[in-house]
Each structure stands twice: as structure tokens, then as C-alpha cells.
>>> print(open('target19.txt').read())   # compact mmCIF, C-alpha atoms and all ligand atoms
# COMPACT_ATOMS: atom_id res chain seq x y z
CA MET A 1 0.00 0.00 0.00
CA LYS A 2 1.17 3.46 -0.80
CA ILE A 3 0.26 6.29 1.56
CA GLY A 4 0.92 9.92 0.71
CA ILE A 5 1.77 12.59 3.26
CA LEU A 6 0.81 16.14 2.32
CA ALA A 7 4.18 17.89 2.58
CA LEU A 8 3.40 21.57 2.00
CA GLN A 9 4.08 22.60 5.60
CA GLY A 10 3.93 21.16 9.10
CA ASP A 11 5.20 17.93 10.67
CA PHE A 12 4.89 15.65 7.66
CA GLU A 13 8.16 13.77 8.34
CA ALA A 14 6.92 12.57 11.74
CA HIS A 15 3.84 11.11 10.00
CA ALA A 16 5.92 9.21 7.48
CA ALA A 17 7.87 7.64 10.36
CA ALA A 18 4.64 6.85 12.23
CA ILE A 19 3.12 5.15 9.17
CA GLN A 20 6.29 3.05 8.87
CA ARG A 21 5.98 2.06 12.55
CA ALA A 22 2.34 1.11 11.99
CA CYS A 23 2.84 -0.78 8.74
CA GLY A 24 6.17 -2.29 7.74
CA GLY A 25 4.96 -3.07 4.24
CA CYS A 26 3.61 0.41 3.47
CA LYS A 27 5.37 2.85 1.22
CA THR A 28 5.09 6.53 2.01
CA THR A 29 5.57 9.42 -0.37
CA GLU A 30 5.50 13.19 0.04
CA VAL A 31 2.72 15.02 -1.80
CA ARG A 32 3.35 18.52 -3.12
CA LEU A 33 1.82 18.42 -6.59
CA ALA A 34 -1.45 16.99 -7.90
CA ARG A 35 0.40 14.29 -9.83
CA ASP A 36 1.91 13.01 -6.56
CA LEU A 37 -1.60 11.75 -5.69
CA ASP A 38 -1.59 9.30 -8.60
CA GLY A 39 -1.55 5.70 -7.43
CA LEU A 40 -1.95 6.49 -3.72
CA ASP A 41 -4.21 4.35 -1.53
CA GLY A 42 -4.57 6.95 1.22
CA LEU A 43 -3.39 10.38 2.32
CA VAL A 44 -2.31 11.98 5.60
CA ILE A 45 -2.81 15.71 6.15
CA PRO A 46 -0.42 16.69 8.98
CA GLY A 47 -0.58 19.30 11.69
CA GLY A 48 0.86 22.72 11.06
CA GLU A 49 -1.00 25.91 10.27
CA SER A 50 -4.19 25.40 8.32
CA THR A 51 -4.39 28.91 6.82
CA THR A 52 -0.83 28.62 5.51
CA MET A 53 -1.56 25.17 4.12
CA LEU A 54 -4.65 26.51 2.33
CA LYS A 55 -2.55 29.25 0.71
CA LEU A 56 0.02 26.70 -0.40
CA MET A 57 -2.73 24.42 -1.75
CA ASP A 58 -3.90 27.31 -3.90
CA TYR A 59 -0.37 28.15 -4.99
CA TYR A 60 0.27 24.54 -6.07
CA SER A 61 -3.27 24.08 -7.53
CA LEU A 62 -3.87 21.26 -5.06
CA PHE A 63 -7.19 22.24 -3.47
CA ASP A 64 -9.52 20.59 -6.01
CA PRO A 65 -7.31 17.50 -6.55
CA LEU A 66 -7.21 16.92 -2.77
CA ARG A 67 -11.00 17.23 -2.51
CA GLU A 68 -11.41 14.86 -5.41
CA PHE A 69 -8.95 12.39 -3.85
CA GLY A 70 -10.90 12.47 -0.56
CA ARG A 71 -14.12 11.60 -2.36
CA ARG A 72 -12.57 8.29 -3.42
CA LYS A 73 -9.86 7.36 -0.90
CA PRO A 74 -9.21 7.46 2.85
CA VAL A 75 -7.76 10.62 4.35
CA PHE A 76 -6.34 11.02 7.89
CA GLY A 77 -5.96 14.57 9.18
CA THR A 78 -4.32 15.60 12.46
CA CYS A 79 -4.82 18.97 14.13
CA ALA A 80 -4.53 21.47 11.23
CA GLY A 81 -5.35 18.46 9.02
CA SER A 82 -8.60 17.96 10.94
CA ILE A 83 -9.44 21.64 10.40
CA LEU A 84 -8.85 21.23 6.67
CA MET A 85 -11.11 18.15 6.58
CA ALA A 86 -14.06 19.63 8.52
CA THR A 87 -17.21 20.81 6.74
CA GLU A 88 -17.41 23.85 9.02
CA VAL A 89 -14.55 25.88 10.54
CA ARG A 90 -14.97 28.63 13.15
CA ASN A 91 -12.73 31.13 14.93
CA PRO A 92 -12.38 32.43 12.29
CA ALA A 93 -14.46 30.79 9.56
CA GLN A 94 -12.24 29.31 6.89
CA ARG A 95 -12.55 27.40 3.65
CA SER A 96 -11.86 23.69 3.85
CA LEU A 97 -11.79 20.48 1.84
CA GLU A 98 -15.11 19.46 3.48
CA LEU A 99 -14.29 15.77 3.67
CA LEU A 100 -15.80 15.04 7.09
CA ASP A 101 -19.08 16.33 8.45
CA MET A 102 -18.10 18.16 11.64
CA THR A 103 -17.70 21.66 13.04
CA VAL A 104 -14.33 22.64 14.48
CA GLU A 105 -13.30 25.71 16.42
CA ARG A 106 -9.67 26.64 15.90
CA ASN A 107 -7.22 27.33 18.73
CA ALA A 108 -9.94 26.50 21.18
CA TYR A 109 -7.71 25.46 24.13
CA GLY A 110 -5.95 28.82 24.18
CA ARG A 111 -2.52 29.77 22.93
CA GLN A 112 -0.30 27.66 25.16
CA LEU A 113 1.37 24.43 24.13
CA ASP A 114 -0.73 21.96 26.03
CA SER A 115 -0.01 18.27 26.43
CA HIS A 116 -2.11 15.68 28.22
CA VAL A 117 -3.45 12.16 28.16
CA ALA A 118 -6.77 11.36 26.50
CA ARG A 119 -8.79 8.27 27.31
CA ILE A 120 -9.88 6.20 24.36
CA THR A 121 -13.54 5.50 24.88
CA GLU A 122 -14.17 3.17 21.99
CA HIS A 123 -13.45 -0.54 21.59
CA ALA A 124 -11.61 0.11 18.34
CA LEU A 125 -8.23 0.01 20.10
CA GLY A 126 -9.05 -3.10 22.11
CA GLY A 127 -11.17 -1.85 24.99
CA GLU A 128 -10.73 1.18 27.17
CA ALA A 129 -7.16 2.23 26.61
CA GLU A 130 -5.18 5.33 27.27
CA ILE A 131 -3.10 7.02 24.67
CA GLU A 132 -0.89 10.03 25.09
CA ALA A 133 -2.52 12.86 23.17
CA VAL A 134 -0.28 15.82 22.40
CA PHE A 135 -2.36 18.95 21.79
CA ILE A 136 -0.63 21.93 20.16
CA ARG A 137 -2.87 24.94 19.58
CA ALA A 138 -5.51 22.37 18.85
CA PRO A 139 -9.05 22.88 17.63
CA ILE A 140 -12.07 21.56 19.52
CA ILE A 141 -14.65 19.53 17.62
CA ARG A 142 -17.97 21.20 18.45
CA ARG A 143 -20.24 18.98 16.36
CA VAL A 144 -19.89 15.55 14.75
CA GLY A 145 -22.30 14.93 11.87
CA GLU A 146 -24.54 11.92 11.48
CA GLY A 147 -22.58 8.78 10.70
CA GLY A 148 -19.47 10.03 12.45
CA ARG A 149 -18.09 7.89 15.29
CA VAL A 150 -16.24 9.39 18.24
CA LEU A 151 -13.34 7.04 19.03
CA ALA A 152 -11.74 9.11 21.78
CA ALA A 153 -12.72 12.08 23.88
CA TYR A 154 -10.92 14.48 26.17
CA LYS A 155 -12.88 16.40 28.81
CA GLY A 156 -16.08 15.47 27.01
CA ASP A 157 -15.00 16.70 23.59
CA ALA A 158 -14.36 14.37 20.66
CA VAL A 159 -10.66 14.26 19.76
CA LEU A 160 -10.56 11.22 17.44
CA VAL A 161 -13.37 10.72 14.94
CA GLU A 162 -13.98 8.37 12.06
CA HIS A 163 -16.54 8.82 9.36
CA GLY A 164 -16.65 6.15 6.71
CA ARG A 165 -13.18 5.82 5.24
CA HIS A 166 -11.86 9.00 6.86
CA LEU A 167 -10.15 9.48 10.22
CA THR A 168 -9.31 12.68 12.04
CA ALA A 169 -7.57 13.63 15.30
CA THR A 170 -7.28 17.03 16.92
CA PHE A 171 -4.06 15.87 18.63
CA HIS A 172 -0.72 14.63 17.24
CA PRO A 173 -0.44 10.83 17.42
CA GLU A 174 2.66 11.06 15.20
CA LEU A 175 4.53 12.75 18.07
CA SER A 176 3.97 10.20 20.82
CA GLY A 177 5.74 7.15 19.38
CA ASP A 178 2.55 5.11 19.69
CA ALA A 179 1.51 3.51 16.42
CA ARG A 180 -2.06 2.55 17.37
CA VAL A 181 -3.86 5.50 15.81
CA HIS A 182 -1.86 5.27 12.60
CA ARG A 183 -2.59 1.54 12.55
CA MET A 184 -6.31 2.37 12.59
CA PHE A 185 -5.78 4.48 9.49
CA VAL A 186 -3.69 1.81 7.79
CA GLU A 187 -6.58 -0.64 8.38
CA LYS A 188 -8.99 1.80 6.74
CA VAL A 189 -6.68 2.07 3.75
CA ARG A 190 -6.37 -1.71 3.60
CA HIS A 191 -10.14 -2.17 3.60
CA SER A 192 -10.80 0.43 0.96
CA SER A 193 -8.05 -0.48 -1.51
N1 LIG A 201 -3.67 26.21 15.28
C1 LIG A 201 -3.41 25.58 14.02
C2 LIG A 201 -4.48 25.99 12.99
O1 LIG A 201 -5.41 26.62 13.31
C3 LIG A 201 -3.35 24.07 14.14
C4 LIG A 201 -2.20 23.66 15.04
C5 LIG A 201 -1.62 22.31 14.77
O2 LIG A 201 -1.79 21.72 13.72
N2 LIG A 201 -0.86 21.82 15.73
O3 LIG A 201 -4.37 25.69 11.85
>>> encode(input="target19.txt", output="C-alpha cells", more="lines below")
Ligand code: GLN
Amino acid sequence: MKIGILALQGDFEAHAAAIQRACGGCKTTEVRLARDLDGLDGLVIPGGESTTMLKLMDYYSLFDPLREFGRRKPVFGTCAGSILMATEVRNPAQRSLELLDMTVERNAYGRQLDSHVARITEHALGGEAEIEAVFIRAPIIRRVGEGGRVLAAYKGDAVLVEHGRHLTATFHPELSGDARVHRMFVEKVRHSS
């Protein structure tokens, strides 16, 4: 399986390493141009700064190809990636790829770098399990649309959501050395390819 990592800005290298930890047989490739999407089975949109990423998507004519890709293949967005996937963005309102029906509020925990442990509340990871969830100027998911499943929550707010073939996290699983969340995405890619 070949998984692309959007490499316009942000911590894309950490995601490539995390995908390798989760799936020895997977190939990863950096995506900067529309043609880099050819032949991919899935795509990761990393954390970073969503407004900057949007500008770079426009500059590289990637916005429409990414939307089109997400209509066919699994996409996993973390933090800024989750903002870019949401159907509705607040604080301030912002354009997005609209791949996953949810409302997110940007920078909703305040400006500080904040790190804490979230409890996984879904059986998907093998029962109640704790994962370290690194939040960096993270958004809060204010609404999850019908059909979306909340896989983990922190202080009552969804932080890991799946909807069909897509997965999104408001934290940074690529930074904690724990491959379980990336493995969930790899399984989605496996089932849809
Ligand atoms: N605050 C950033 C944004 O609004 C996201 C931060 C992150 O990806 N760690 O785009």
C-alpha cells in the first residue's frame, strides 16, 4: 500500500515515520503536486497551520485534486489536518476540503502548548485504553455529523473521529511514538483499496 503525506508545511516527516511504525509493508511518499496523488491508496494531512496550508494548496493548484482524492480514498488529518477536513470551521471561519461532516473551532484550548493524556472510549483500540494525546494549539470539535463515530474524547470533547473511510484527530499521534492510531488508518486504507 502506498500512503501519501501532504508535505506543503507542518510535521509531515513525523507522519511518514509513524506510518512506517504502523505498517512495515507500506510505502510513504511526500505530496506537493497533484500528480503526486496518482496511485496512492490513502493520504495523511499533517498538523501545522491550516491557513498557511490553504494558501500553499492554492499556490500549487492542489485544493480541487485533494478534494477529489478524498471523495474516493481514505484521508487522515491531524490537528490542522482535521481543520482542513471539517465541513465547518470557526474562529475564524475558513474554507476547507469538506471531507468530514463536523464543526471545528480553531485554537480553542488557548494559545499555550498543552499536552495531556486522553482516554480512548471506543473498543476500536481493544477496549478502554489510554493514549498520550499531544495537543498543540488544537481545535475543539464542536459537532460531529450523522454517521461520524467518536473514538476518543478528552474532557467530554471528541478528539478522534472516524466517518466512513476517513479518520481525524485534533491531537498529534505522530509525536507520541505510539503507532495505534496510525494503525487504525492503515486498516482503513487496507479495507478500501
Ligand atoms: N492552530 C493551528 C491551525 O489553526 C493548528 C495547530 C496544529 O496543527 N498543531 O491551523
>>> closest_residue(input="target19.txt", among="A:Val31, A:Ala93, A:Met1, A:Cys26", to="ligand LIG 201 (chain A)", atoms="all atoms listed in the file")
A:Ala93
>>> closest_residue(input="target19.txt", among="A:Thr78, A:Thr28, A:Thr51, A:Thr103", to="Gly145 (chain A)", atoms="only C-alpha atoms")
A:Thr103
>>> residues_around(input="target19.txt", residues="Phe171 (chain A)", least_positions_apart="4", cutoff="7 Å", atoms="all atoms listed in the file", output="PDB file with C-alpha atoms, in the frame of the given file")
ATOM      1  CA  THR A  78      -4.320  15.600  12.460  1.00  0.00           C
ATOM      2  CA  CYS A  79      -4.820  18.970  14.130  1.00  0.00           C
ATOM      3  CA  ALA A 133      -2.520  12.860  23.170  1.00  0.00           C
ATOM      4  CA  VAL A 134      -0.280  15.820  22.400  1.00  0.00           C
ATOM      5  CA  PHE A 135      -2.360  18.950  21.790  1.00  0.00           C
ATOM      6  CA  ALA A 138      -5.510  22.370  18.850  1.00  0.00           C
ATOM      7  CA  VAL A 159     -10.660  14.260  19.760  1.00  0.00           C
TER       8      VAL A 159
END
>>> residues_around(input="target19.txt", residues="Leu56 (chain A)", least_positions_apart="2", cutoff="12 Å", atoms="all atoms listed in the file", output="VMD selection string")
chain A and resid 6 to 10 32 to 33 49 to 54 58 to 63
>>> residues_around(input="target19.txt", residues="Val161 (chain A)", least_positions_apart="4", cutoff="10 Å", atoms="all atoms listed in the file", output="list in words")
Phe76, Ser82, Leu100, Met102, Ile141, Val144, Gly148, Arg149, Val150, Leu151, Ala152, Ala153, His166, Leu167, Thr168, Ala169 and Thr170 of chain A
>>> closest_residue(input="target19.txt", among="A:Pro139, A:Gly4, A:Pro46, A:Gly81", to="Ala108 (chain A)", atoms="all atoms listed in the file")
A:Pro139
>>> atom_distance(input="target19.txt", atom1="CA of Thr29 (chain A)", atom2="CA of Ile3 (chain A)")
6.5 Å
>>> residues_near_point(input="target19.txt", point="(-2.3, 1.7, 13.2)", cutoff="10 Å", atoms="only C-alpha atoms", output="list in words")
Ala18, Ile19, Gln20, Arg21, Ala22, Cys23, Leu125, Asp178, Ala179, Arg180, Val181, His182, Arg183, Met184, Phe185, Val186, Glu187 and Lys188 of chain A
>>> residues_around(input="target19.txt", residues="Val75 (chain A)", least_positions_apart="6", cutoff="6 Å", atoms="only C-alpha atoms", output="ChimeraX atom specification")
/A:42-44,166
>>> atom_distance(input="target19.txt", atom1="CA of Arg67 (chain A)", atom2="CA of Glu98 (chain A)")
7.6 Å
